[in-house]
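Enquirer: Structure file query_5.cif (mmCIF, C-alpha atoms) is given on the next line.
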data_target
loop_
_atom_site.label_atom_id
_atom_site.label_comp_id
_atom_site.auth_asym_id
_atom_site.auth_seq_id
_atom_site.Cartn_x
_atom_site.Cartn_y
_atom_site.Cartn_z
CA MET A 1 72.94 66.74 170.06
CA SER A 2 70.76 69.24 168.27
CA SER A 3 67.07 69.68 168.77
CA GLN A 4 64.91 70.89 165.95
CA SER A 5 61.22 71.41 166.37
CA PRO A 6 58.65 71.34 163.63
CA PRO A 7 57.12 74.68 162.69
CA LEU A 8 54.98 76.02 165.49
CA GLY A 9 51.35 77.00 165.12
CA ALA A 10 51.34 79.12 162.02
CA SER A 11 48.82 81.69 160.96
CA LYS A 12 47.03 81.41 157.62
CA LYS A 13 49.87 83.30 155.96
CA GLY A 14 52.98 82.37 157.82
CA ARG A 15 55.02 79.92 159.76
CA ASP A 16 56.85 80.22 163.06
CA ILE A 17 60.08 78.25 163.34
CA PHE A 18 62.38 77.75 166.30
CA LYS A 19 65.47 75.59 166.41
CA LEU A 20 67.84 74.82 169.27
CA SER A 21 71.21 73.47 168.17
CA HIS A 22 74.59 72.51 169.58
CA HIS A 23 76.09 73.24 166.15
CA ARG A 24 77.08 76.48 164.44
CA LEU A 25 74.10 78.50 163.28
CA SER A 26 73.51 79.23 159.61
CA VAL A 27 72.35 82.74 158.72
CA GLU A 28 71.50 81.43 155.25
CA ASP A 29 69.15 78.78 156.70
CA VAL A 30 67.29 81.36 158.78
CA VAL A 31 66.95 83.77 155.85
CA ALA A 32 65.74 80.92 153.60
CA ALA A 33 63.15 79.92 156.22
CA VAL A 34 61.49 83.34 156.14
CA GLY A 35 61.81 84.12 152.44
CA SER A 36 58.55 84.89 150.66
CA ALA A 37 57.67 86.24 147.23
CA SER A 38 54.96 88.35 148.89
CA CYS A 39 57.43 90.16 151.13
CA GLY A 40 59.66 93.09 150.36
CA ALA A 41 61.66 92.86 153.59
CA ILE A 42 63.53 90.37 155.71
CA SER A 43 64.63 91.85 159.01
CA LEU A 44 67.58 89.94 160.44
CA PHE A 45 69.43 89.88 163.75
CA ILE A 46 72.62 87.98 164.53
CA GLY A 47 73.64 87.92 168.19
CA THR A 48 77.28 87.00 168.63
CA THR A 49 79.32 86.05 171.65
CA ARG A 50 81.59 88.97 172.46
CA GLU A 51 84.92 89.07 174.19
CA ASP A 52 84.11 91.01 177.31
CA GLN A 53 86.13 92.05 180.32
CA SER A 54 84.36 91.93 183.66
CA GLU A 55 85.33 91.77 187.31
CA SER A 56 85.47 88.01 186.89
CA GLY A 57 87.92 88.18 183.99
CA LYS A 58 88.06 88.04 180.21
CA VAL A 59 85.17 86.14 178.60
CA ILE A 60 86.31 83.40 176.19
CA GLY A 61 82.88 81.92 175.52
CA LEU A 62 79.37 81.27 176.68
CA GLU A 63 77.65 78.06 177.74
CA TYR A 64 73.90 77.91 176.96
CA GLU A 65 71.22 75.67 178.47
CA ALA A 66 67.47 75.58 177.88
CA TYR A 67 64.29 73.97 179.09
CA GLU A 68 63.24 72.89 175.62
CA PRO A 69 59.51 72.11 176.09
CA MET A 70 58.93 75.48 177.69
CA VAL A 71 61.04 77.23 175.04
CA GLN A 72 58.64 75.94 172.38
CA SER A 73 55.57 76.99 174.37
CA GLU A 74 56.87 80.48 175.18
CA LEU A 75 57.98 81.12 171.61
CA ALA A 76 54.59 80.01 170.23
CA GLU A 77 52.88 82.51 172.54
CA LEU A 78 55.35 85.25 171.63
CA CYS A 79 54.77 84.66 167.91
CA ARG A 80 51.00 84.71 168.43
CA ARG A 81 51.27 88.11 170.10
CA LEU A 82 53.58 89.47 167.40
CA ARG A 83 51.11 88.37 164.73
CA ALA A 84 48.23 89.98 166.61
CA ARG A 85 50.09 93.28 166.67
CA TRP A 86 51.53 93.04 163.13
CA PRO A 87 49.07 90.89 161.11
CA ASP A 88 51.03 91.30 157.86
CA LEU A 89 54.08 89.40 159.14
CA ALA A 90 54.80 86.45 156.89
CA HIS A 91 57.30 84.20 158.64
CA ILE A 92 59.21 84.26 161.95
CA CYS A 93 62.33 82.19 162.56
CA VAL A 94 64.72 81.95 165.53
CA HIS A 95 67.70 79.62 165.78
CA HIS A 96 69.50 79.55 169.15
CA ARG A 97 72.71 77.81 170.16
CA LEU A 98 73.00 75.50 173.12
CA GLY A 99 76.22 74.34 174.75
CA TRP A 100 79.58 75.97 174.16
CA VAL A 101 79.73 79.11 171.96
CA ARG A 102 83.13 80.71 171.34
CA VAL A 103 83.76 84.43 171.10
CA GLY A 104 82.83 85.61 167.61
CA GLU A 105 80.30 82.85 166.94
CA ALA A 106 76.56 83.42 166.63
CA SER A 107 74.48 82.62 169.71
CA VAL A 108 71.17 83.53 168.12
CA VAL A 109 69.97 84.25 164.59
CA ALA A 110 66.45 85.62 164.15
CA ALA A 111 64.55 86.87 161.12
CA VAL A 112 61.08 88.15 160.30
CA SER A 113 59.66 88.63 156.81
CA SER A 114 57.03 91.23 156.04
CA PRO A 115 55.66 93.12 153.04
CA HIS A 116 57.37 96.31 154.25
CA ARG A 117 60.44 96.83 156.45
CA HIS A 118 58.88 99.00 159.14
CA ASP A 119 56.60 96.34 160.66
CA GLY A 120 59.24 93.63 160.33
CA GLN A 121 61.89 95.69 162.09
CA ARG A 122 59.58 96.59 164.96
CA ALA A 123 58.41 93.00 165.30
CA LEU A 124 62.02 91.77 165.32
CA VAL A 125 62.96 94.10 168.19
CA CYS A 126 59.98 92.87 170.23
CA LEU A 127 60.73 89.27 169.30
CA LEU A 128 64.25 89.60 170.69
CA ASP A 129 63.11 91.45 173.82
CA GLY A 130 60.47 88.79 174.45
CA LEU A 131 63.00 86.03 173.83
CA LYS A 132 65.39 87.48 176.40
CA ALA A 133 62.67 88.29 178.92
CA ASN A 134 60.53 85.14 178.86
CA VAL A 135 62.08 82.22 176.99
CA PRO A 136 63.99 79.85 179.31
CA VAL A 137 67.45 79.88 177.72
CA TRP A 138 70.25 80.50 180.23
CA LYS A 139 73.85 81.52 179.69
CA LYS A 140 77.00 81.10 181.67
CA GLU A 141 80.06 83.25 180.96
CA VAL A 142 83.32 81.30 180.89
CA TYR A 143 86.55 83.18 181.62
CA GLU A 144 90.22 82.69 180.70
CA ASP A 145 90.92 80.96 184.01
CA ARG A 146 88.04 78.52 183.19
CA LYS A 147 85.92 79.87 186.05
CA ALA A 148 82.32 80.57 185.09
CA SER A 149 79.36 82.69 186.14
CA TRP A 150 75.65 82.46 185.25
CA LYS A 151 74.31 85.73 183.81
CA GLU A 152 70.85 87.25 183.69
CA ASN A 153 69.60 88.90 180.52
CA ALA A 154 69.52 92.63 181.10
CA GLU A 155 66.44 94.63 180.16
CA CYS A 156 66.77 96.47 176.87
CA ALA A 157 66.62 100.19 177.82
CA TRP A 158 66.62 101.62 174.26
CA ALA A 159 63.71 99.71 172.70
CA SER A 160 60.12 100.91 172.58
CA CYS A 161 59.05 97.67 174.26
CA HIS A 162 61.13 97.68 177.44
CA GLY A 163 60.83 98.09 181.14
CA ASN A 164 59.57 95.77 183.82
CA HIS A 165 56.84 94.31 181.65
CA ASP A 166 56.26 90.79 180.52
CA ALA A 167 56.22 89.90 176.82
CA GLN A 168 52.43 90.24 176.75
CA THR A 169 52.65 93.88 177.80
CA MET A 170 55.73 94.57 175.69
CA ILE A 171 54.18 93.62 172.38
CA GLY A 172 50.60 94.56 173.07
CA GLN A 173 47.45 92.53 172.90
#
Can you present the structure in this file as structure tokens?
Expert:
Amino acid sequence: MSSQSPPLGASKKGRDIFKLSHHRLSVEDVVAAVGSASCGAISLFIGTTREDQSESGKVIGLEYEAYEPMVQSELAELCRRLRARWPDLAHICVHHRLGWVRVGEASVVAAVSSPHRHDGQRALVCLLDGLKANVPVWKKEVYEDRKASWKENAECAWASCHGNHDAQTMIGQ
């Protein structure tokens, strides 16, 4: 069963959209959700499930679970902070899979539209870091032998908004 929420609290200019789904994600739907004639840039991220080899074995897929009411609340706060830091952002959209996701399929598709690429790209990085750090979506790796292991999201060491900070600190106030 898929869960789609109505647009979250939007600013005067833009809308914030988050969708949880047990079905394949559509990049086209996410891009369409953020499109705007006033914007010259759509920054897009597609996170896919990768075939990985670990001590536990070869990963054949991921199983996602979420606490949906808190997901909505955390994302609304994250979007509010992004808009405070980058007031020219037009629209923000994140679609995330729940349930079984095979290797090669998209687990998350996120996009931000903005008048210019620079702000949109920076906001997208912080959106993804905040999503991984604070939004209650959990993943379990499933291996060839059908054994499974819950995994934590690792901190992003290369981004400008990393470290042992919460999303509030990461994207400024």
Enquirer: Using all atoms listed in the file, which of the listed residues (A:Ala106, A:Ala66, A:Val125, A:Ala111) sits closest to Leu25 (chain A)?
Expert: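 Checking each of A:Ala106, A:Ala66, A:Val125, A:Ala111 against Leu25 (chain A), counting all atoms listed in the file, the winner is A:Ala106.
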Enquirer: At a cut-off of 8 Å around the point (58.3, 89.9, 171.2) (file coordinates), what residues fall inside when counting only C-alpha atoms? I'd like the answer as a compact mmCIF listing (two decimals) with C-alpha atoms, keeping the file's coordinate frame.
Expert:
# COMPACT_ATOMS: atom_id res chain seq x y z
CA LEU A 78 55.35 85.25 171.63
CA CYS A 79 54.77 84.66 167.91
CA ARG A 81 51.27 88.11 170.10
CA LEU A 82 53.58 89.47 167.40
CA ALA A 123 58.41 93.00 165.30
CA LEU A 124 62.02 91.77 165.32
CA VAL A 125 62.96 94.10 168.19
CA CYS A 126 59.98 92.87 170.23
CA LEU A 127 60.73 89.27 169.30
CA LEU A 128 64.25 89.60 170.69
CA ASP A 129 63.11 91.45 173.82
CA GLY A 130 60.47 88.79 174.45
CA LEU A 131 63.00 86.03 173.83
CA ALA A 167 56.22 89.90 176.82
CA MET A 170 55.73 94.57 175.69
CA ILE A 171 54.18 93.62 172.38
Enquirer: When you count all atoms listed in the file, which of these residues is closest to His95 (chain A): A:Gly61, A:Val30, A:Lys140, A:Arg15?
Expert: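 Counting all atoms listed in the file, the residue closest to His95 (chain A) is A:Val30.
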Enquirer: Report as an mmCIF file with C-alpha atoms, keeping the file's coordinate frame the full result of the PyMOL selection byres ((chain A and resi 83-90) around 6) when it is applied to this structure.
Expert:
data_model
loop_
_atom_site.group_PDB
_atom_site.id
_atom_site.type_symbol
_atom_site.label_atom_id
_atom_site.label_comp_id
_atom_site.auth_asym_id
_atom_site.auth_seq_id
_atom_site.Cartn_x
_atom_site.Cartn_y
_atom_site.Cartn_z
ATOM 1 C CA LYS A 13 49.870 83.300 155.960
ATOM 2 C CA GLY A 14 52.980 82.370 157.820
ATOM 3 C CA ARG A 80 51.000 84.710 168.430
ATOM 4 C CA ARG A 81 51.270 88.110 170.100
ATOM 5 C CA LEU A 82 53.580 89.470 167.400
ATOM 6 C CA HIS A 91 57.300 84.200 158.640
ATOM 7 C CA SER A 113 59.660 88.630 156.810
ATOM 8 C CA SER A 114 57.030 91.230 156.040
#
Enquirer: At what distance in Å, to one decimal, does CA of Gly99 (chain A) lie from CA of Gln53 (chain A)?
Expert: 21.0 Å
Enquirer: As an exercise, work out the distance from CA of Arg97 (chain A) to CA of Tyr64 (chain A) in Å and give it to one decimal place.
Expert: 6.9 Å
Enquirer: Return the single residue from A:Arg24, A:Asp16, A:Val142, A:Lys151 that is closest to Gly57 (chain A), with distances computed using only C-alpha atoms.
Expert: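 Of A:Arg24, A:Asp16, A:Val142, A:Lys151, the one nearest Gly57 (chain A), counting only C-alpha atoms, is A:Val142.
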Enquirer: With a distance cut-off of 8 Å and all atoms listed in the file, select the neighbouring residues of His116 (chain A), excluding the residue or stretch itself and same-chain residues fewer than 5 positions from it, and output the selection as JSON, numbers by chain.
Expert: {"A": [39, 40, 41]}
Enquirer: Which region 49-114 of chain A residues have any atom within 12 Å of an atom of region 143-150 of chain A, and for each, what is the nearest pair of atoms with distance in Å to one decimal, counting all atoms listed in the file, rows sorted by chain and number, as CSV?
Expert:
residue,atom,partner,partner_atom,distance
A:Arg50,CA,A:Tyr143,CA,11.9
A:Glu51,CA,A:Tyr143,CA,9.6
A:Asp52,CA,A:Tyr143,CA,9.3
A:Gln53,CA,A:Tyr143,CA,9.0
A:Ser54,CA,A:Tyr143,CA,9.2
A:Glu55,CA,A:Tyr143,CA,10.4
A:Ser56,CA,A:Tyr143,CA,7.2
A:Gly57,CA,A:Tyr143,CA,5.7
A:Lys58,CA,A:Tyr143,CA,5.3
A:Val59,CA,A:Tyr143,CA,4.4
A:Ile60,CA,A:Tyr143,CA,5.4
A:Gly61,CA,A:Tyr143,CA,7.2
A:Leu62,CA,A:Tyr143,CA,8.9
A:Glu63,CA,A:Trp150,CA,8.9
A:Tyr64,CA,A:Trp150,CA,9.6
A:Glu65,CA,A:Trp150,CA,10.6
A:Arg102,CA,A:Tyr143,CA,11.1
A:Val103,CA,A:Tyr143,CA,11.0
Enquirer: Find, counting all atoms listed in the file, the residue in A:Ala33, A:Ile92, A:Val137, A:Ile42 that gets nearest to His118 (chain A).
Expert: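 Ranked by minimum distance to His118 (chain A), first place goes to A:Ile42.
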Enquirer: One decimal, Å: what's the distance from CA of Gly104 (chain A) over to CA of Ser26 (chain A), could you say?
Expert: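 Computing it gives 13.8 Å between the two atoms.
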Enquirer: Taking only C-alpha atoms into account, which of A:Val108, A:Val135, A:His96, A:Asp29 comes nearest Pro69 (chain A)?
Expert: A:Val135
Enquirer: Return the single residue from A:Thr48, A:Gln121, A:Asn134, A:Ser107 that is closest to Glu77 (chain A), with distances computed using only C-alpha atoms.
Expert: A:Asn134
